[in-house]
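Next up, protein30.cif (mmCIF, C-alpha atoms):
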```cif
data_query
#
loop_
_atom_site.group_PDB
_atom_site.id
_atom_site.type_symbol
_atom_site.label_atom_id
_atom_site.label_comp_id
_atom_site.auth_asym_id
_atom_site.auth_seq_id
_atom_site.Cartn_x
_atom_site.Cartn_y
_atom_site.Cartn_z
ATOM 1 C CA MET M 15 -8.869 15.047 -42.146
ATOM 2 C CA LYS M 16 -9.206 18.468 -40.588
ATOM 3 C CA SER M 17 -5.880 20.202 -39.943
ATOM 4 C CA LEU M 18 -4.834 23.072 -37.709
ATOM 5 C CA VAL M 19 -1.602 25.042 -37.943
ATOM 6 C CA VAL M 20 -0.864 27.166 -34.889
ATOM 7 C CA TYR M 21 2.194 29.219 -34.133
ATOM 8 C CA SER M 22 3.724 31.549 -31.605
ATOM 9 C CA SER M 23 6.139 34.003 -33.124
ATOM 10 C CA LYS M 24 7.921 36.845 -31.391
ATOM 11 C CA SER M 25 9.779 38.149 -34.432
ATOM 12 C CA GLY M 26 7.974 36.517 -37.366
ATOM 13 C CA ASN M 27 10.367 33.585 -37.824
ATOM 14 C CA THR M 28 8.000 30.854 -36.657
ATOM 15 C CA ARG M 29 5.103 32.506 -38.479
ATOM 16 C CA LYS M 30 7.041 32.037 -41.760
ATOM 17 C CA LEU M 31 7.448 28.339 -41.013
ATOM 18 C CA ALA M 32 3.751 28.052 -40.123
ATOM 19 C CA GLU M 33 2.692 29.712 -43.364
ATOM 20 C CA ALA M 34 4.806 27.242 -45.362
ATOM 21 C CA VAL M 35 3.222 24.308 -43.512
ATOM 22 C CA TYR M 36 -0.267 25.729 -44.048
ATOM 23 C CA ALA M 37 0.354 26.290 -47.775
ATOM 24 C CA TYR M 38 1.425 22.657 -48.158
ATOM 25 C CA LEU M 39 -1.574 21.101 -46.390
ATOM 26 C CA HIS M 40 -4.623 20.112 -48.422
ATOM 27 C CA GLY M 41 -8.242 19.727 -47.461
ATOM 28 C CA GLU M 42 -10.007 21.441 -44.610
ATOM 29 C CA LYS M 43 -7.473 23.494 -42.695
ATOM 30 C CA ASP M 44 -7.099 26.488 -40.420
ATOM 31 C CA ILE M 45 -4.160 28.619 -39.323
ATOM 32 C CA ALA M 46 -3.984 30.814 -36.234
ATOM 33 C CA ALA M 47 -1.612 32.450 -33.835
ATOM 34 C CA ILE M 48 -1.541 30.395 -30.653
ATOM 35 C CA ALA M 49 -3.136 33.271 -28.743
ATOM 36 C CA ASP M 50 -6.159 33.001 -31.087
ATOM 37 C CA ALA M 51 -6.127 29.237 -31.607
ATOM 38 C CA PRO M 52 -9.380 27.309 -31.650
ATOM 39 C CA ASP M 53 -9.889 24.230 -29.510
ATOM 40 C CA PRO M 54 -7.456 21.646 -30.885
ATOM 41 C CA ALA M 55 -9.912 18.843 -30.076
ATOM 42 C CA GLU M 56 -11.761 19.730 -33.299
ATOM 43 C CA TYR M 57 -8.777 18.650 -35.439
ATOM 44 C CA SER M 58 -7.234 15.291 -36.272
ATOM 45 C CA PHE M 59 -3.883 16.845 -37.291
ATOM 46 C CA VAL M 60 -2.181 19.731 -35.509
ATOM 47 C CA ALA M 61 1.048 21.416 -36.597
ATOM 48 C CA ALA M 62 2.289 23.540 -33.696
ATOM 49 C CA GLY M 63 5.140 26.007 -34.071
ATOM 50 C CA PHE M 64 6.912 27.843 -31.312
ATOM 51 C CA TRP M 65 9.911 30.001 -30.568
ATOM 52 C CA VAL M 66 12.396 28.999 -27.920
ATOM 53 C CA LYS M 67 12.680 30.982 -24.705
ATOM 54 C CA ALA M 68 15.180 29.940 -22.042
ATOM 55 C CA GLY M 69 15.579 26.509 -23.608
ATOM 56 C CA GLN M 70 11.844 25.759 -23.716
ATOM 57 C CA PRO M 71 8.846 26.485 -25.899
ATOM 58 C CA ASP M 72 7.554 29.972 -25.180
ATOM 59 C CA PRO M 73 4.892 30.164 -22.423
ATOM 60 C CA ASP M 74 1.876 30.505 -24.769
ATOM 61 C CA SER M 75 2.997 27.439 -26.709
ATOM 62 C CA GLN M 76 3.481 25.447 -23.523
ATOM 63 C CA ALA M 77 -0.134 26.137 -22.541
ATOM 64 C CA PHE M 78 -1.403 25.140 -26.002
ATOM 65 C CA LEU M 79 0.629 21.929 -26.215
ATOM 66 C CA ALA M 80 -0.859 20.767 -22.916
ATOM 67 C CA LYS M 81 -4.324 20.829 -24.580
ATOM 68 C CA LEU M 82 -3.480 18.210 -27.226
ATOM 69 C CA HIS M 83 -5.187 14.797 -27.129
ATOM 70 C CA LYS M 84 -3.800 11.298 -27.574
ATOM 71 C CA GLU M 85 -5.811 10.623 -30.713
ATOM 72 C CA GLN M 86 -4.269 13.576 -32.564
ATOM 73 C CA ASP M 87 -1.361 13.433 -34.970
ATOM 74 C CA VAL M 88 1.008 16.297 -34.195
ATOM 75 C CA TYR M 89 3.901 17.954 -35.997
ATOM 76 C CA LEU M 90 6.096 20.170 -33.820
ATOM 77 C CA PHE M 91 8.300 22.847 -35.367
ATOM 78 C CA ALA M 92 10.377 25.646 -33.901
ATOM 79 C CA SER M 93 12.744 28.501 -34.578
ATOM 80 C CA HIS M 94 15.531 29.545 -32.253
ATOM 81 C CA GLY M 95 18.715 31.591 -32.063
ATOM 82 C CA ALA M 96 20.756 28.490 -31.276
ATOM 83 C CA ALA M 97 22.408 26.201 -33.776
ATOM 84 C CA VAL M 98 20.472 23.224 -35.130
ATOM 85 C CA GLY M 99 21.261 20.219 -32.978
ATOM 86 C CA SER M 100 22.454 22.356 -30.076
ATOM 87 C CA ALA M 101 21.610 21.328 -26.527
ATOM 88 C CA GLN M 102 19.172 24.238 -26.252
ATOM 89 C CA ALA M 103 17.327 23.322 -29.451
ATOM 90 C CA GLU M 104 17.177 19.635 -28.494
ATOM 91 C CA GLU M 105 15.981 20.354 -24.945
ATOM 92 C CA ALA M 106 13.267 22.701 -26.203
ATOM 93 C CA MET M 107 11.892 20.029 -28.549
ATOM 94 C CA LYS M 108 12.095 17.413 -25.815
ATOM 95 C CA LYS M 109 10.069 19.696 -23.538
ATOM 96 C CA ALA M 110 7.527 20.279 -26.344
ATOM 97 C CA ARG M 111 7.089 16.518 -26.760
ATOM 98 C CA GLU M 112 6.539 16.140 -23.013
ATOM 99 C CA LEU M 113 3.963 18.922 -22.999
ATOM 100 C CA ALA M 114 2.111 17.315 -25.920
ATOM 101 C CA GLY M 115 1.464 14.440 -23.526
ATOM 102 C CA HIS M 116 -0.023 11.411 -25.181
ATOM 103 C CA ALA M 117 -0.605 13.030 -28.568
ATOM 104 C CA HIS M 118 1.000 11.140 -31.445
ATOM 105 C CA VAL M 119 3.985 13.343 -32.348
ATOM 106 C CA ARG M 120 4.669 12.274 -35.926
ATOM 107 C CA ALA M 121 7.688 14.521 -36.531
ATOM 108 C CA THR M 122 9.654 17.507 -35.341
ATOM 109 C CA PHE M 123 11.609 20.212 -37.110
ATOM 110 C CA SER M 124 13.658 23.136 -35.908
ATOM 111 C CA CYS M 125 15.829 25.719 -37.560
ATOM 112 C CA PRO M 126 17.628 28.910 -36.674
ATOM 113 C CA GLY M 127 15.622 32.093 -36.584
ATOM 114 C CA GLU M 128 17.128 35.549 -36.837
ATOM 115 C CA VAL M 129 17.385 37.243 -33.456
ATOM 116 C CA ASP M 130 16.799 40.997 -33.363
ATOM 117 C CA ALA M 131 19.576 43.293 -32.154
ATOM 118 C CA GLN M 132 17.676 44.381 -29.032
ATOM 119 C CA THR M 133 17.223 40.778 -27.847
ATOM 120 C CA MET M 134 20.869 39.990 -28.563
ATOM 121 C CA ALA M 135 22.004 43.066 -26.621
ATOM 122 C CA ALA M 136 19.834 42.120 -23.634
ATOM 123 C CA ALA M 137 21.195 38.567 -23.714
ATOM 124 C CA ALA M 138 24.783 39.816 -23.957
ATOM 125 C CA ALA M 139 24.242 41.909 -20.817
ATOM 126 C CA LYS M 140 23.440 38.806 -18.752
ATOM 127 C CA THR M 141 26.095 37.170 -16.606
ATOM 128 C CA PRO M 142 26.838 34.643 -17.882
ATOM 129 C CA PRO M 143 25.391 35.202 -21.352
ATOM 130 C CA PRO M 144 23.138 32.392 -22.614
ATOM 131 C CA ALA M 145 24.832 29.673 -24.644
ATOM 132 C CA TRP M 146 22.721 30.383 -27.748
ATOM 133 C CA LEU M 147 24.174 33.885 -28.064
ATOM 134 C CA ALA M 148 27.347 32.539 -29.692
ATOM 135 C CA ASP M 149 25.217 30.889 -32.407
ATOM 136 C CA ALA M 150 22.865 33.833 -32.976
ATOM 137 C CA PRO M 151 24.927 35.671 -35.645
ATOM 138 C CA ALA M 152 24.742 32.576 -37.867
ATOM 139 C CA ALA M 153 20.928 32.684 -37.608
ATOM 140 C CA LYS M 154 20.797 35.968 -39.537
ATOM 141 C CA GLY M 155 18.489 35.625 -42.533
ATOM 142 C CA HIS M 156 16.777 32.502 -41.191
ATOM 143 C CA PRO M 157 14.391 30.959 -41.731
ATOM 144 C CA ASP M 158 15.530 31.072 -45.338
ATOM 145 C CA ALA M 159 14.207 29.327 -48.461
ATOM 146 C CA HIS M 160 16.002 26.103 -47.537
ATOM 147 C CA ASP M 161 14.446 26.104 -44.041
ATOM 148 C CA LEU M 162 10.976 26.632 -45.533
ATOM 149 C CA LYS M 163 11.557 23.765 -47.946
ATOM 150 C CA MET M 164 12.715 21.480 -45.128
ATOM 151 C CA VAL M 165 9.768 22.222 -42.804
ATOM 152 C CA VAL M 166 7.480 21.057 -45.623
ATOM 153 C CA ARG M 167 9.683 18.101 -46.565
ATOM 154 C CA MET M 168 8.957 16.538 -43.184
ATOM 155 C CA LEU M 169 5.248 16.536 -44.065
ATOM 156 C CA GLU M 170 5.965 15.063 -47.492
ATOM 157 C CA GLU M 171 7.969 12.226 -45.951
ATOM 158 C CA LEU M 172 5.123 11.479 -43.549
ATOM 159 C CA ASP M 173 2.622 11.599 -46.405
ATOM 160 C CA ILE M 174 0.524 14.173 -44.570
ATOM 161 C CA PRO M 175 -2.058 15.476 -47.040
#
```
Give the structure from this file in structure tokens form.
Amino acid sequence: MKSLVVYSSKSGNTRKLAEAVYAYLHGEKDIAAIADAPDPAEYSFVAAGFWVKAGQPDPDSQAFLAKLHKEQDVYLFASHGAAVGSAQAEEAMKKARELAGHAHVRATFSCPGEVDAQTMAAAAAKTPPPAWLADAPAAKGHPDAHDLKMVVRMLEELDIP
């Protein structure tokens, strides 16, 4: 099985998750930023990570997810300033699943990701401020060691080599 790990990361949070996924995978594998991603059709397993923007996968990730094929096994993972299980986090993953079309989404994972002060200040200046802003202080230091362990645990449970 040939595997591809791709990620879009504005602040490095999703990149950390992607690197943990890549380190876990065995066999023939590649890792790339979504902007530099190879054609996903060459891979039987694709792990795609994204950051959440306005309650959806970021634009580059949306374009990549639309390229996935029905015969591919896919693992979606994300980082966001919102709390785990929040409406924003859930809606973003739902949108990612829709964009992946008929690909076989085997699992999903999301966790908080630290939001930089500049982004938080810009969000706070909006009227009304986005809902995730109230959760953002709790995301400081994430993804942490536990988050990295959990993103890999999903692969272990699926018995992805």
Contacts of region 82-85 of chain M at 6 Å (all atoms listed in the file; same-chain gap of 2+ positions) as a PyMOL selection string = chain M and resi 79-80+114+116-117
With distances taken over all atoms listed in the file, which of M:Lys67, M:His40, M:Lys109, M:Lys81 is nearest to Pro54 (chain M)?
->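 Ranked by minimum distance to Pro54 (chain M), first place goes to M:Lys81.
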Looking at M:Asp44, M:Glu112, M:Glu128, M:Glu170, which one is nearest to Pro157 (chain M), with distances taken over all atoms listed in the file?
->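 Looking only at the distances to Pro157 (chain M), the closest residue turns out to be M:Glu128.
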For the interface of region 95-162 of chain M with region 21-38 of chain M (cut-off 9 Å, counting only C-alpha atoms), please tabulate each contacting residue of region 95-162 of chain M alongside its nearest pair of atoms and their separation in Å to one decimal, rows sorted by chain and increasing number, as JSON lines.
```
{"residue": "M:Pro126", "atom": "CA", "partner": "M:Asn27", "partner_atom": "CA", "distance": 8.7}
{"residue": "M:Gly127", "atom": "CA", "partner": "M:Asn27", "partner_atom": "CA", "distance": 5.6}
{"residue": "M:Glu128", "atom": "CA", "partner": "M:Asn27", "partner_atom": "CA", "distance": 7.1}
{"residue": "M:Val129", "atom": "CA", "partner": "M:Ser25", "partner_atom": "CA", "distance": 7.7}
{"residue": "M:Asp130", "atom": "CA", "partner": "M:Ser25", "partner_atom": "CA", "distance": 7.7}
{"residue": "M:His156", "atom": "CA", "partner": "M:Asn27", "partner_atom": "CA", "distance": 7.3}
{"residue": "M:Pro157", "atom": "CA", "partner": "M:Asn27", "partner_atom": "CA", "distance": 6.2}
{"residue": "M:Asp161", "atom": "CA", "partner": "M:Leu31", "partner_atom": "CA", "distance": 7.9}
{"residue": "M:Leu162", "atom": "CA", "partner": "M:Leu31", "partner_atom": "CA", "distance": 6.0}
```
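Separating CA of Ser93 (chain M) from CA of Val66 (chain M) is a distance of 6.7 Å.
Between Arg167 (chain M) and the candidates M:Ala77, M:Leu113, M:Ala49, M:Leu39, the tightest atom-to-atom separation, counting only C-alpha atoms, involves M:Leu39.
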Between M:Ala137, M:Leu18, M:Asp173, M:Glu56, which one has atoms that come closest to Gly95 (chain M), using all atoms listed in the file?
->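 Looking only at the distances to Gly95 (chain M), the closest residue turns out to be M:Ala137.
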Excluding same-chain residues fewer than 2 positions from Gly63 (chain M), what lies within 6 Å of it counting all atoms listed in the file, as a PyMOL selection string?
-> chain M and resi 21+90-92
Can I get the selected residues back with C-alpha atoms, as a tab-separated table (two decimals), keeping the file's coordinate frame?
```
chain	number	residue	atom	x	y	z
M	21	TYR	CA	2.19	29.22	-34.13
M	90	LEU	CA	6.10	20.17	-33.82
M	91	PHE	CA	8.30	22.85	-35.37
M	92	ALA	CA	10.38	25.65	-33.90
```
